[in-house]
Amino acid sequence: MRFNSVSPANLDVQEVDMITNDRSSVAQGDAILADVTPQEIGKQGSARKGVDPNEKHLNTDHLLGDLKGRTISGTFITIAAQAIKFLLNLAFIMALARLLTPKDFGLYAMVTTMMGFLWIFQDIGLSTATVQRQQISHTQVSNLFWVNVGVGSLVTLVVAASAPVIAWFYREPRLVGITLALSITFLLTTSAVQHIALLNRQMRFGAIATIEVTCVLGGYLTGIVMALSGYGYWALVGANLMQVVIRLVLSWLISGWQPRLFSRNAQTRQLLSFGANITIGNLINTLARGLDNVLIGRFFGPVAVGLYSRASILLMRPLEQFTIPINSVLVPALSRVQTEPERYRRTFLRVYEALALVSFLFTGILLALARPLTLVVLGPKWEQAIPIFAGFTIAALWVPLTGASTWLFQTQGRGKDWLFASLLCSTITIAAFIVGLPFGPVGLAIAYSTAGLLFGTPAVFYFAGRDGPVTTADLWSAIFRYLPLWIVVCSVTWLVRLPLVNSRPLVQLVVSAPLGLFAGAILICVVPPMRRVALSLVDILLELKSRISFFNAK
């Protein structure tokens with residue numbers, strides 16, 4: 001069950017409370033961050049004099065002087081970058097869906113699914129350790145870098161050696177070349193993990209946004225050009241490789257951090273232990289979540305995998321890109337205030353409730369508009385993917401909130417709890433796939449979504465809330481409070497679309513979606529708790545606007 005919303009290939013691990021203005025109707029009371037006096041800042045500055053130049057990439061004391069401002073501007077930058085990436089991704093999906101065949105996507109998905117079982121080793125939880133740790137040295141980060149590179153090199157060799165086995169398993173010889181080409185991505189990606197983590201630790205979100213947008217644009221352009229040139233499934237491979245290469249080059253250039261040689265006396269054992277727990281948990285999670293594509297490829301062939309994988313991505317990719325901006329800003333910010341329990345809890349819950357309101361409002365239209373949405377984005381030849389996408393839409397109820405609950409594991413250094421939660425949830429996911437397999441790709445999608453809602457979410461909430469300032473009851477409150485919003489939006493959208501079922505898919509979308517969202521907006525205005533959260537979001541936008549005006553004036 002894939003609860004972590006951040007793809008390892010993107011940023012690995014990344015407070016709207018810090019964004020909220022003191023005049024917010026919800027944010028009454030203390031500001032999220034304690035005021036730092038000029039004297040304290042001066043002391044911090046003096047303490048930093050004479051520090052090894054390498055340590056400037058690790059120090060976070062200077063962030064405390066304007067942590068709220070950095071979070072606000074970082075949120076704006078990250079949201080803007082994700083919006084650009086979302087549009088680029090949508091354009092890429094629409095273009096490649098028309099230039100390639102379901103079988104092309106299926107061949108690519110067969111390999112990437114198998115690689116996905118090992119993909120977690122590109123990070124092995126060490127980027128989270130770098131971001132979360134209150135104090136860390138240049139030598140320790142250098143050691144983590146070399147551990148990342150060593151593991152990446154080993155995985156590259158393992159994947160390359162397994163190319164014939166993968167081809168034999170699927171009975172498809174073309175998979176040998178695809179596997180060999182993609183195996184190098186492990187080494188390239190692991191070589192940039194600590195550079196991205198240091199940028200994240202120092203909340204240099206503008207630099208991270210530049211890297212991410214550039215590598216996505218470069219990769220997608222490469223894929224489209226190759227598809228137009230008739231390279232077929234190799235266009236997908238080329239897009240992947242180009243993204244990884246660009247990310248590696250830019251992360252080294254922009255970060256400026258250079259690792260030193262490995263040292264045995266750097267006291268990195270605790271960091272490695274934390275990373276090991278995160279990695280094992282994520283590996284278990286990945287093994288379970290990738291089993292569906294393996295089963296479909298083995299029993300139903302590449303065309304079925306292509307249909308299933310595109311339907312899954314059509315839902316999961318937007319959800320990931322919606323939560324990544326929040327995740328990338330909130331995890332470093334919460335890590336900086338983890339020693340203040342009440343402030344930590346208030347910060348997390350304000351963001352969590354805002355996330356629940358926005359996600360339930362917009363995902364309420366997905367089930368009702370599964371058919372026209374699939375046809376508009378993917379094209380008419382993907383009609384068989386419609387029921388698969390419809391089955392996945394139930395996952396939109398729990399994916400954003402369970403993903404947000406994992407921030408508690410990351411920012412509190414609770415690797416063992418994450419391991420136990422992953423083990424239980426993975427068992428639930430595997431059981432769901434076994435139950436759904438006899439009913440084909442549609443059955444797997446429905447079984448996965450339903451099991452995640454009824455069994456996986458309670459498991460994650462229990463482990464996430466059993467320790468620390470945020471409780472399990474806090475996590476459940478958002479689902480029960482905002483579930484009526486999802487029901488209203490879905491129902492109204494469905495009723496509006498009924499008279500339009502014979503109209504063109506685009507017409508159905510343009511008419512039904514706005515009316516469904518409008519009905520949800522009315523409910524938000526009527527229900528006081530929803531209205532208060534919505535007003536706090538308005539204050540956030542006003543704060544962002546004022547800061548943008550300030551920067552423009554400068």
# chains A, B, ... in the order shown; residues from 1 in each chain; ligands from 1
>>> residues_around(residues="Leu367 of chain A", least_positions_apart="2", cutoff="8 Å", atoms="only C-alpha atoms", output="PyMOL selection string")
chain A and resi 364-365+369-370+390+393-394+490
>>> residues_around(residues="Leu485 of chain A", least_positions_apart="2", cutoff="12 Å", atoms="only C-alpha atoms", output="number ranges by chain")
A: 356-365, 397, 478-483, 487-492, 516-527, 529-531
>>> residues_around(residues="Leu355 of chain A", least_positions_apart="4", cutoff="12 Å", atoms="only C-alpha atoms", output="number ranges by chain")
A: 15-16, 319, 322-327, 348-351, 359-363, 397-405, 475, 478-479, 482, 530, 533-534, 537
>>> write_last_selection(atoms="C-alpha atoms", output="tab-separated table (two decimals), in the first residue's frame")
chain	number	residue	atom	x	y	z
A	15	GLU	CA	3.23	24.15	8.06
A	16	VAL	CA	0.67	25.86	6.51
A	319	LEU	CA	-2.43	13.09	-5.91
A	322	PHE	CA	-0.78	17.74	-4.90
A	323	THR	CA	0.87	16.53	-1.68
A	324	ILE	CA	4.53	16.97	-2.67
A	325	PRO	CA	4.57	20.79	-2.16
A	326	ILE	CA	3.15	20.38	1.33
A	327	ASN	CA	5.40	17.44	2.14
A	348	PHE	CA	0.50	19.49	11.81
A	349	LEU	CA	-3.25	19.47	12.44
A	350	ARG	CA	-3.86	22.79	10.68
A	351	VAL	CA	-2.07	21.52	7.60
A	359	SER	CA	-8.49	16.77	-1.39
A	360	PHE	CA	-12.05	15.68	-0.57
A	361	LEU	CA	-13.46	18.64	-2.46
A	362	PHE	CA	-11.61	17.97	-5.70
A	363	THR	CA	-11.42	14.16	-5.66
A	397	LEU	CA	-10.35	9.06	-0.06
A	398	TRP	CA	-7.36	7.79	1.91
A	399	VAL	CA	-4.11	8.23	-0.05
A	400	PRO	CA	-3.54	11.95	0.78
A	401	LEU	CA	-4.33	11.58	4.49
A	402	THR	CA	-2.43	8.36	5.11
A	403	GLY	CA	0.48	9.89	3.22
A	404	ALA	CA	0.32	12.94	5.50
A	405	SER	CA	0.27	10.75	8.60
A	475	LEU	CA	-6.04	11.72	12.43
A	478	ALA	CA	-10.46	14.84	9.47
A	479	ILE	CA	-11.90	11.87	7.57
A	482	TYR	CA	-14.89	15.96	5.53
A	530	MET	CA	-15.17	23.62	7.11
A	533	VAL	CA	-10.47	26.00	7.55
A	534	ALA	CA	-11.41	27.54	4.21
A	537	LEU	CA	-6.62	29.04	3.44
>>> atom_distance(atom1="atom CA of Tyr220 of chain A", atom2="atom CA of Ile313 of chain A")
15.7 Å
>>> select_by_dssp(residues="segment 338-542 of chain A", states="alpha helix (DSSP H)", output="PyMOL selection string")
chain A and resi 341-363+370-378+386-392+399-411+415-436+440-451+457-465+472-497+505-526+528-542
>>> closest_atom_pairs(of="segment 435-455 of chain A", to="segment 286-301 of chain A", cutoff="9 Å", atoms="only C-alpha atoms", output="tab-separated table")
residue	atom	partner	partner_atom	distance
A:Leu437	CA	A:Leu295	CA	7.7
A:Gly440	CA	A:Ile296	CA	7.5
A:Pro441	CA	A:Ile296	CA	6.8
A:Leu444	CA	A:Asp292	CA	7.1
A:Ala445	CA	A:Asp292	CA	8.8
>>> write_last_selection(atoms="N, CA and C atoms", output="compact mmCIF listing (two decimals), in the first residue's frame")
# COMPACT_ATOMS: atom_id res chain seq x y z
N LEU A 437 -7.43 -10.68 -7.96
CA LEU A 437 -6.81 -11.22 -9.17
C LEU A 437 -7.77 -12.00 -10.06
N GLY A 440 -9.50 -9.87 -12.69
CA GLY A 440 -8.73 -9.10 -13.64
C GLY A 440 -8.26 -7.76 -13.11
N PRO A 441 -7.76 -6.88 -13.99
CA PRO A 441 -7.25 -5.57 -13.57
C PRO A 441 -8.28 -4.74 -12.81
N LEU A 444 -8.50 -5.99 -9.24
CA LEU A 444 -7.35 -5.60 -8.43
C LEU A 444 -7.47 -4.14 -7.98
N ALA A 445 -7.91 -3.27 -8.89
CA ALA A 445 -8.05 -1.85 -8.56
C ALA A 445 -9.07 -1.64 -7.45
